[in-house]
Amino acid sequence: MRSDRNSSAPIALKIAAAAGLLFLHIPLLLIFVYAFTTEEKSYQWPPPGLTAKWFAVTWNRPDVWEALALSLKVAAISTLIAIILGTLCAAAVSRSKFFGRETISLLVILPIALPGIITGISLRSAFSLMNIPFSTWTIVLGHATFCIVVVYNNAVARFRRTSGSMIEASYDLGADGFQTFRHIVLPNIGTALLAGGMLAFALSFDEVIVTTFTAGQQQTLPIWMLEELVRPRQRPVTNVVAMVVVLVTLLPILAAYYLTRDGDQTAGSGK
C-alpha cells in the first residue's frame with residue numbers, strides 16, 4: 001500500500017502541473033490562431049477560415065511601426081538606466097555595511113511591489129507639479145522605476161556569491177578600481193547583469209499601466225493594442241501584433257533563464 005501511494009504522487013503532480021500549464025498557455029495559443037482568421041470584425045470559434053494576409057496588412061500599417069519603434073526605444077533606454085543604477089545600488093548594499101542599509105534595500109525593491117496604478121498616479125502627479133511635459137522621457141522614467149529593481153535583484157544576489165577576497169587580492173597586487181571591476185567583478189556578475197537587463201527590457205516592452213499615466217498622447221505598442229481592442233478597425237491585426245509581443249517578450253526571458261540557472265557556479269563563491 002505504501003509503495004502504491006509513493007508511485008501515484010508523482011503522477012498526480014504531473015497532471016496538476018500539466019493542467020496549470022494548459023490553463024496559462026491555451027489563451028496565448030488562441031491569440032496565435034486568431035492572427036490567421038479570415039473574420040475581420042469578430043471572434044468566432046472555430047475560425048471560419050485561415051489566411052496569412054493579416055501579416056502583410058500589419059506590415060503596411062505605419063501606426064504599428066511607430067508604436068513598435070517607441071516601445072523599443074523606451075525599453076532600451078530604461079534597461080540601460082536600470083543596469084547602471086541597479087548595479088551601483090547592488091554594489092553599495094552588498095559590499096558595504098552602513099546604517100540604514102536594509103531600509104535602502106527595501107526602498108529600492110518597493111516600486112515593483114506596489115501596484116502599477118499607484119506608481120503611475122504618483123509619477124503623473126510629480127510630473128504635473130514640476131510642470132514636466134509628457135514625452136518619451138517621462139515614459140522612460142516611469143519604466144526605470146521597476147526595471148532598476150529587476151537588475152538590482154540579479155546583481156545583489158551575484159555580488160553576495162562573489163568572494164570578497166578576490167577583490168582584496170586584486171588591490172593587493174596593485175590593480176586600481178577600474179582594473180578590478182573589469183577583470184574581477186564584471187566577469188563574476190556579467191551574466192547576472194545581462195539576465196537582469198533582458199528581464200527589464202521584456203517588462204518595459206509590454207508595460208501598460210505605468211505607461212498609461214506617463215505617455216500623454218504617445219502610444220507604445222501595448223497602449224496601441226489596448227486602443228485597438230476598445231475601438232477596433234481590424235481585429236486580426238491586433239492579434240498579429242500580440243503574437244509578436246509574446247515572442248519578443250518570451251525570448252529575453254528564456255535567455256535570462258539559461259544565463260542564470262548556473263549562477264551558483266560564480267567564480268570564487270566557494271572561497
# chains A, B, ... in the order shown; residues from 1 in each chain; ligands from 1
$ residues_around --residues "Val33 (chain A)" --least-positions-apart "4" --cutoff "9 Å" --atoms "only C-alpha atoms" --output "ChimeraX atom specification"
/A:28-29,37,47,50,239
$ write_last_selection --atoms "N, CA and C atoms" --output "compact mmCIF listing (two decimals), in the first residue's frame"
# COMPACT_ATOMS: atom_id res chain seq x y z
N LEU A 28 -2.95 32.03 -24.91
CA LEU A 28 -1.91 32.53 -25.80
C LEU A 28 -1.99 31.84 -27.15
N LEU A 29 -2.27 30.53 -27.14
CA LEU A 29 -2.40 29.80 -28.40
C LEU A 29 -3.59 30.30 -29.21
N THR A 37 -7.11 34.21 -38.74
CA THR A 37 -8.52 34.06 -39.09
C THR A 37 -8.90 34.95 -40.26
N PRO A 47 -12.54 29.31 -36.11
CA PRO A 47 -12.46 30.36 -37.13
C PRO A 47 -13.06 29.88 -38.45
N LEU A 50 -8.75 30.27 -42.50
CA LEU A 50 -7.41 30.70 -42.12
C LEU A 50 -6.73 31.39 -43.31
N ASN A 239 -4.18 40.86 -33.18
CA ASN A 239 -3.69 39.54 -32.79
C ASN A 239 -2.30 39.26 -33.36
$ residues_around --residues "Thr249 (chain A)" --least-positions-apart "2" --cutoff "9 Å" --atoms "only C-alpha atoms" --output "PDB file with C-alpha atoms, in the first residue's frame"
ATOM      1  CA  LEU A 199      14.141  40.813 -17.991  1.00  0.00           C
ATOM      2  CA  PHE A 201      13.697  45.010 -21.362  1.00  0.00           C
ATOM      3  CA  ALA A 202      10.861  42.472 -21.505  1.00  0.00           C
ATOM      4  CA  LEU A 203       8.992  44.149 -18.632  1.00  0.00           C
ATOM      5  CA  PHE A 205       8.384  46.451 -23.625  1.00  0.00           C
ATOM      6  CA  ASP A 206       4.974  45.142 -22.512  1.00  0.00           C
ATOM      7  CA  VAL A 244       4.888  39.469 -31.964  1.00  0.00           C
ATOM      8  CA  VAL A 245       4.809  40.918 -28.436  1.00  0.00           C
ATOM      9  CA  VAL A 246       4.601  37.412 -26.948  1.00  0.00           C
ATOM     10  CA  LEU A 247       7.627  36.300 -28.961  1.00  0.00           C
ATOM     11  CA  LEU A 251      12.943  35.298 -25.970  1.00  0.00           C
ATOM     12  CA  PRO A 252      14.676  37.589 -23.400  1.00  0.00           C
ATOM     13  CA  ILE A 253      13.044  35.690 -20.534  1.00  0.00           C
TER      14      ILE A 253
END
$ closest_residue --among "A:Ala82, A:Ile209, A:Leu21, A:Ala67" --to "Gly120 (chain A)" --atoms "only C-alpha atoms"
A:Ile209
